[in-house]
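*Asks:* Right, I'll just put the structure down here and ask away after.
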Amino acid sequence: MTKTLLMATAAAWWVMVAGAVHAPPTANTQIDAQVTEHQLTLFHTNDLRGNIYSEEGLDDVDQDEDQGPENTADQAGLAALVSMIRAHDGAGGDSTLVLDGGNAMGATPACDVDGCRTLFQLMDMMGYDAMTVGEHEFTYGPDTLASRAGQVDFPVLGANLGSGDAVDEVGDAVDEAGDAVDYAIAPFLLTERSGLQIAVMGLVSSRTTDDLTSVDPAALDIRDPRKTLESLLAGPAGRADVRIALVNMSMDEARDLALAFPQVQLFIAGGTQAGPEPRPAEHVVRFVDGRYLVTTPGRGTHLGRLEITFRREGGNTAVTGLRPFLVPAGSTAPLDSAVSAVVAWHRETVRRIYDVRIGRTRVPIEDTGAWIADLARTKLEADVAAVDRHALRPMRLDGEVRLRTVTRLVRDNDVLVRVTVSGRQLRAWAGRLQREHDVVFAGYDAESRTVDGRPLNQGRTYVVAVPLILADQALIREARSFRILRDTGIRIGLRELVTAHVRGNDTLDRWEGIRRGPRSVMEGGTRFNGSLSQTTLEGPADQYSRDPFLSGEESLAWLVRVEHHSTRYTPVGSFSGQLRTGYGRLNNNGSQREAVDRIDGELLYSLPSSPLSQFLGLDVNTVWTGGEGQKHPVVLRFKGGLQTELGSQAIVRVGLALERDRITAINVVGVEVAPEFRTTLLEGNTLSSQARVFWGTGQRQTMSVQHYNHLRFRLLDDLAATLDANVFLHRDSEVDRAAVKFELQVGLGYDWRYYR
């Protein structure tokens, strides 16, 4: 019987039974409250994590690190559990129920070879009636989960699990993951055992998305387990004689849920702990009202068995007796012959694949955690990388490297993502990460807050390579770009990353194929603005017509402005360029004249030293048009000096400058001070201020100020309302009076940003 047919039959059966039970009594019907007792044997498992059978050289490492002395039984895995149940006298009978609390799948060699197909084949042979979903069911992506759910004759449950909104590499909404989940998952199962109508409901933790390693959390919608369970109990599931909840969540969350719903007689939990597996002492929690919460140690080490007595009186059914047993895997029966045949064939397939030599080391690689972090940083072309040490085993690479070696080294095949963030976001995320995880960074020093030995620039863009499980929602929500890495359509995990690197370097050492220093990247953006501009002139502006910043007319006019900036970061220094230009026309006595037609360009080169960086620069200031028969005013300024950061939002440059006026051919030598400030007011709203103050002497004495202030209010994506207030001042010894120009511009702007 297929899963669909099973569900349809159960639903039809329930309609008929409900109609018979709730039909109004006839005049000849005598209603007697009958008391009956019912015996049920319930087998339960959880957190198999892909452990089909004990794998040589793999389980010993896990056992030494993760298991306490009370949990060192033979890790025979699912194959042993299947044999134990098939050997049970009542297996498959009317009074037996077999359930799983989730996290059955996992990234083991036995599952890697076929996406857990053999594991689900054995679960079918075990006679499971239902299982619930855990985060490990998404180890190989939602499509694989859908395939496995369609492979078996029992339902995979997850009543509060639905589809969300995912984003792919180019930012388009995709619903592939959500559709697969909706297709594969059922909310509950109605069945009959020992004369009782039994409802089995599946629920996942509201924090499931925090632990996903291979699926974009936005692709899933995890609804509140309490509200979902309340809704289920208001329907057909709530009218069943016995109500069982399969929950995949922490023990505290499962206890709270059980206390809130006394209508549910039995809770079976998986995923109760994120670290070492639950101990046998935590097998059973009994509540004062006679209900129970049960779980088993994970990875197939034990089989849970409950001998339950139910008492039904009228419309009420209660647990009057429960005898729990926790049986070590493989302790009661040898492998069933049918199971043994499946395991023998599968084990040989795994051995043949994983014993292949893929490379060797010239010298031992000791700190493999730091090595993998540096590798991720290099291959994903990132500035910073972070790896969770819990996903790795503390072992060295020495000599021959086989595929099995990589599998032992990389415990969890966490999918990698590439996140583009500002320095401020990087600093905040790294701080959260250190408090919650044991991580190793590449390129970032958490104590000194430096990237490649240079102070973190909170306004600069950085690319971070990180396993999905470490990219918390706050980081993804604020990121300028978020991509799940794919390789020809396949998600890139830590294991694939290491395997490909070893294969590509037949003999390797610690730094073979790995970048040690910073990478060369280009960052920039273009802003296009349409503004209403009010220009005000004070002083003898007409006498400074050679100064491009005082060009134009005192007017109210529409203005088109373009501002572009680019920065190239390289190991030998940074190259940056900035261009501002605006063009507006006004009607002056019937003729069209230019209101603003300024061009302001700046080129800078700075050395990578810190905390003070040497820089060289060139400013070019001119206008699009000039008066008839007149030369275009052009002012060049060559400069060089030191720049430093003041706090997290300000930069100041101080240097010597040589200014040349092309119209008068006059040179002036002086000092330029150029402070810059940028801050975020609210999410998406920014305030920036940039000034250049110059004092010069020579053929004439000069003082000039160029001060730009920009306020951006985000409206939709990169579209924003803008307010610009600019001040320009100039005075030199020829005129000996100061002229001032004010600009107030209000409009709409659109930003294009890039980082590569």
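Lettering and numbering for the structure tokens are positional, with chains as A, B, ... in the shown order, residues counted from 1 in each chain, and ligands counted from 1 in the shown order.
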Skipping near chain neighbours, those fewer than 4 positions away, what residues fall within 8 Å of Ile372 in chain A using only C-alpha atoms, listed as an NGL selection string?
*Replies:* :A and (368 or 376 or 387 or 498)
*Asks:* Mind writing the picked residues with C-alpha atoms as a short mmCIF file (atom, residue, chain, number, x, y, z; two decimals), in the first residue's frame?
*Replies:*
```cif
data_model
loop_
_atom_site.label_atom_id
_atom_site.label_comp_id
_atom_site.auth_asym_id
_atom_site.auth_seq_id
_atom_site.Cartn_x
_atom_site.Cartn_y
_atom_site.Cartn_z
CA THR A 368 43.16 21.10 9.83
CA ALA A 376 37.17 28.16 2.05
CA VAL A 387 34.30 27.32 10.07
CA VAL A 498 38.18 19.61 0.76
#
```
*Asks:* Quick one: residues within 10 Å of Gly696 in chain A, only C-alpha atoms, excluding same-chain residues fewer than 6 positions away - as a PyMOL selection string?
*Replies:* chain A and resi 656-659+667-672+702-704+732
*Asks:* Save the residues we just selected, N, CA and C atoms, as a PDB file, in the first residue's frame?
*Replies:*
```pdb
ATOM      1  N   LEU A 656      50.376  67.625   1.881  1.00  0.00           N
ATOM      2  CA  LEU A 656      50.852  68.771   1.114  1.00  0.00           C
ATOM      3  C   LEU A 656      50.225  68.731  -0.272  1.00  0.00           C
ATOM      4  N   ALA A 657      49.944  69.920  -0.832  1.00  0.00           N
ATOM      5  CA  ALA A 657      49.266  69.962  -2.120  1.00  0.00           C
ATOM      6  C   ALA A 657      49.860  71.067  -2.992  1.00  0.00           C
ATOM      7  N   LEU A 658      49.867  70.797  -4.291  1.00  0.00           N
ATOM      8  CA  LEU A 658      50.259  71.785  -5.297  1.00  0.00           C
ATOM      9  C   LEU A 658      49.057  72.017  -6.201  1.00  0.00           C
ATOM     10  N   GLU A 659      48.562  73.257  -6.223  1.00  0.00           N
ATOM     11  CA  GLU A 659      47.383  73.576  -7.023  1.00  0.00           C
ATOM     12  C   GLU A 659      47.797  74.453  -8.203  1.00  0.00           C
ATOM     13  N   ASN A 667      50.647  78.726  -9.888  1.00  0.00           N
ATOM     14  CA  ASN A 667      50.815  77.591  -8.992  1.00  0.00           C
ATOM     15  C   ASN A 667      50.764  78.072  -7.548  1.00  0.00           C
ATOM     16  N   VAL A 668      50.086  77.262  -6.694  1.00  0.00           N
ATOM     17  CA  VAL A 668      49.991  77.559  -5.270  1.00  0.00           C
ATOM     18  C   VAL A 668      50.326  76.288  -4.506  1.00  0.00           C
ATOM     19  N   VAL A 669      51.218  76.393  -3.522  1.00  0.00           N
ATOM     20  CA  VAL A 669      51.604  75.259  -2.678  1.00  0.00           C
ATOM     21  C   VAL A 669      50.979  75.454  -1.301  1.00  0.00           C
ATOM     22  N   GLY A 670      50.403  74.400  -0.758  1.00  0.00           N
ATOM     23  CA  GLY A 670      49.779  74.544   0.551  1.00  0.00           C
ATOM     24  C   GLY A 670      49.489  73.211   1.218  1.00  0.00           C
ATOM     25  N   VAL A 671      48.562  73.255   2.147  1.00  0.00           N
ATOM     26  CA  VAL A 671      48.163  72.091   2.943  1.00  0.00           C
ATOM     27  C   VAL A 671      46.679  71.832   2.714  1.00  0.00           C
ATOM     28  N   GLU A 672      46.331  70.564   2.505  1.00  0.00           N
ATOM     29  CA  GLU A 672      44.931  70.171   2.367  1.00  0.00           C
ATOM     30  C   GLU A 672      44.549  69.240   3.511  1.00  0.00           C
ATOM     31  N   THR A 702      45.824  81.642  -1.031  1.00  0.00           N
ATOM     32  CA  THR A 702      44.513  81.072  -1.345  1.00  0.00           C
ATOM     33  C   THR A 702      43.968  80.312  -0.147  1.00  0.00           C
ATOM     34  N   MET A 703      42.650  80.414   0.029  1.00  0.00           N
ATOM     35  CA  MET A 703      41.936  79.565   0.981  1.00  0.00           C
ATOM     36  C   MET A 703      40.622  79.139   0.326  1.00  0.00           C
ATOM     37  N   SER A 704      40.359  77.815   0.310  1.00  0.00           N
ATOM     38  CA  SER A 704      39.124  77.332  -0.309  1.00  0.00           C
ATOM     39  C   SER A 704      38.551  76.176   0.501  1.00  0.00           C
ATOM     40  N   ASP A 732      41.168  84.528  -2.384  1.00  0.00           N
ATOM     41  CA  ASP A 732      42.601  84.623  -2.652  1.00  0.00           C
ATOM     42  C   ASP A 732      43.028  86.086  -2.616  1.00  0.00           C
TER      43      ASP A 732
END
```
*Asks:* A:Val342, A:Ala240, A:Val735, A:Leu326: which is nearest Asp542 in chain A, counting only C-alpha atoms?
*Replies:*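 That would be A:Val735, the residue with the smallest distance to Asp542 in chain A.
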*Asks:* Any idea what's packed within 12 Å of Ser566 in chain A, counting only C-alpha atoms, ignoring anything in its chain fewer than 4 positions away? Could you give it as a PDB file with C-alpha atoms, in the first residue's frame?
*Replies:*
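Final file, selection.pdb:
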```pdb
ATOM      1  CA  ARG A 460      33.991  49.073   3.480  1.00  0.00           C
ATOM      2  CA  THR A 461      32.366  46.024   1.885  1.00  0.00           C
ATOM      3  CA  VAL A 521      38.712  43.294  -5.282  1.00  0.00           C
ATOM      4  CA  MET A 522      36.784  46.127  -6.859  1.00  0.00           C
ATOM      5  CA  GLU A 523      34.011  47.952  -5.033  1.00  0.00           C
ATOM      6  CA  GLY A 524      31.980  50.849  -6.279  1.00  0.00           C
ATOM      7  CA  GLY A 525      28.651  52.416  -7.035  1.00  0.00           C
ATOM      8  CA  THR A 526      26.866  54.991  -9.143  1.00  0.00           C
ATOM      9  CA  ARG A 527      24.148  57.344  -7.946  1.00  0.00           C
ATOM     10  CA  SER A 574      44.181  50.777  -2.675  1.00  0.00           C
ATOM     11  CA  PHE A 575      43.255  52.752  -5.792  1.00  0.00           C
ATOM     12  CA  SER A 576      40.108  54.835  -5.652  1.00  0.00           C
ATOM     13  CA  GLY A 577      38.383  57.265  -7.947  1.00  0.00           C
ATOM     14  CA  GLN A 578      35.412  59.588  -7.527  1.00  0.00           C
ATOM     15  CA  LEU A 579      33.505  61.651 -10.049  1.00  0.00           C
ATOM     16  CA  GLY A 601      37.142  64.262 -10.133  1.00  0.00           C
ATOM     17  CA  GLU A 602      39.517  62.741  -7.570  1.00  0.00           C
ATOM     18  CA  LEU A 603      42.040  59.903  -7.877  1.00  0.00           C
ATOM     19  CA  LEU A 604      43.802  58.440  -4.826  1.00  0.00           C
ATOM     20  CA  TYR A 605      46.364  55.757  -4.142  1.00  0.00           C
ATOM     21  CA  TRP A 752      23.752  51.011  -8.503  1.00  0.00           C
ATOM     22  CA  ARG A 753      26.369  49.189  -6.404  1.00  0.00           C
ATOM     23  CA  TYR A 754      28.818  46.463  -7.310  1.00  0.00           C
ATOM     24  CA  TYR A 755      31.497  44.375  -5.646  1.00  0.00           C
ATOM     25  CA  ARG A 756      33.698  41.875  -7.436  1.00  0.00           C
TER      26      ARG A 756
END
```
*Asks:* Work out how far apart CA of Thr697 in chain A and CA of Arg660 in chain A are and give it in Å to one decimal.
*Replies:*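 CA of Thr697 in chain A sits 11.7 Å away from CA of Arg660 in chain A.
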*Asks:* Just to confirm, what's the straight-line distance from CA of Thr209 in chain A to CA of Tyr140 in chain A in Å (one decimal)?
*Replies:*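 Between these atoms lies a distance of 15.2 Å.
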*Asks:* How would you write, as a VMD selection string, the set of residues in range 347-546 of chain A that DSSP gives as alpha helix (DSSP H)?
*Replies:* chain A and resid 347 to 354 368 to 379 403 to 409 423 to 436 473 to 478 494 to 504
*Asks:* With only C-alpha atoms as the counted atoms, please give the residues lying no more than 7 Å from range 676-684 of chain A, apart from itself and same-chain residues fewer than 3 positions off, as a count of residues only.
*Replies:* 10
*Asks:* Which one is closest to Thr301 in chain A: A:Asn51, A:Gln699, A:Asn160, A:Ser206? Count only C-alpha atoms.
*Replies:*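 Residue with the minimum atom-to-atom distance to Thr301 in chain A: A:Asn51.
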*Asks:* Could you tell me how far CA of Gly300 in chain A sits from CA of His88 in chain A, in Å to one decimal place?
*Replies:*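 These atoms are spaced 17.6 Å apart.
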*Asks:* Here is a test: counting only C-alpha atoms, which residue of A:Leu78, A:Ala471, A:Ala370, A:Val200 is nearest to Leu303 in chain A?
*Replies:* A:Leu78
*Asks:* Using only C-alpha atoms, which residue out of A:Val620, A:Val417, A:Cys111, A:Val727 lies closest to Ala479 in chain A?
*Replies:*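 Looking at the shortest contact to Ala479 in chain A, the residue is A:Val417.
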*Asks:* Would you pick out the contacts of Ser531 in chain A at 6 Å or less, using only C-alpha atoms, so that residues sharing its chain but fewer than 5 positions from it are not included, and give the list as a list in words?
*Replies:*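 The residues satisfying every condition are Trp558, Leu559, Gln745, Val746 and Gly747 of chain A.
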*Asks:* Got a sec: who's within 12 Å of Leu497 in chain A, counting only C-alpha atoms, leaving out chain neighbours fewer than 5 positions off, as an NGL selection string?
*Replies:* :A and (371-380 or 406-407 or 410 or 413-416 or 467 or 485-487 or 490-492 or 502-504)
*Asks:* Step one, run DSSP on the backbone; step two, keep only residues of range 543-712 of chain A assigned to strand (DSSP E or B); then write them as a PyMOL selection string.
*Replies:* chain A and resi 555-570+573-588+591-596+598-606+613-623+635-646+650-661+666-682+685-698+702-712
*Asks:* Using only C-alpha atoms, which of A:Arg357, A:Arg286, A:Arg226, A:Lys741 sits nearest Thr536 in chain A?
*Replies:* A:Lys741
*Asks:* Calculated over only C-alpha atoms, which of the candidates A:Val560, A:Leu293, A:Ile599, A:Ala344 has the smallest distance to Thr272 in chain A?
*Replies:*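 Looking at the shortest contact to Thr272 in chain A, the residue is A:Leu293.
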*Asks:* Show me, as JSON, numbers by chain, the residues that have an atom within 9 Å of Asn316 in chain A when counting only C-alpha atoms, minus same-chain residues fewer than 4 positions from it.
*Replies:* {"A": [241, 311, 312]}
*Asks:* Next, the residues of the selection above should be written as a compact mmCIF listing (two decimals), in the first residue's frame with N, CA and C atoms.
*Replies:*
```
# COMPACT_ATOMS: atom_id res chain seq x y z
N ASP A 241 -8.99 8.40 19.91
CA ASP A 241 -8.91 7.88 21.28
C ASP A 241 -7.55 8.19 21.89
N ARG A 311 -6.73 2.67 29.19
CA ARG A 311 -8.06 2.41 29.75
C ARG A 311 -9.03 3.39 29.09
N ARG A 312 -10.03 2.81 28.41
CA ARG A 312 -11.04 3.65 27.77
C ARG A 312 -12.36 3.51 28.51
```
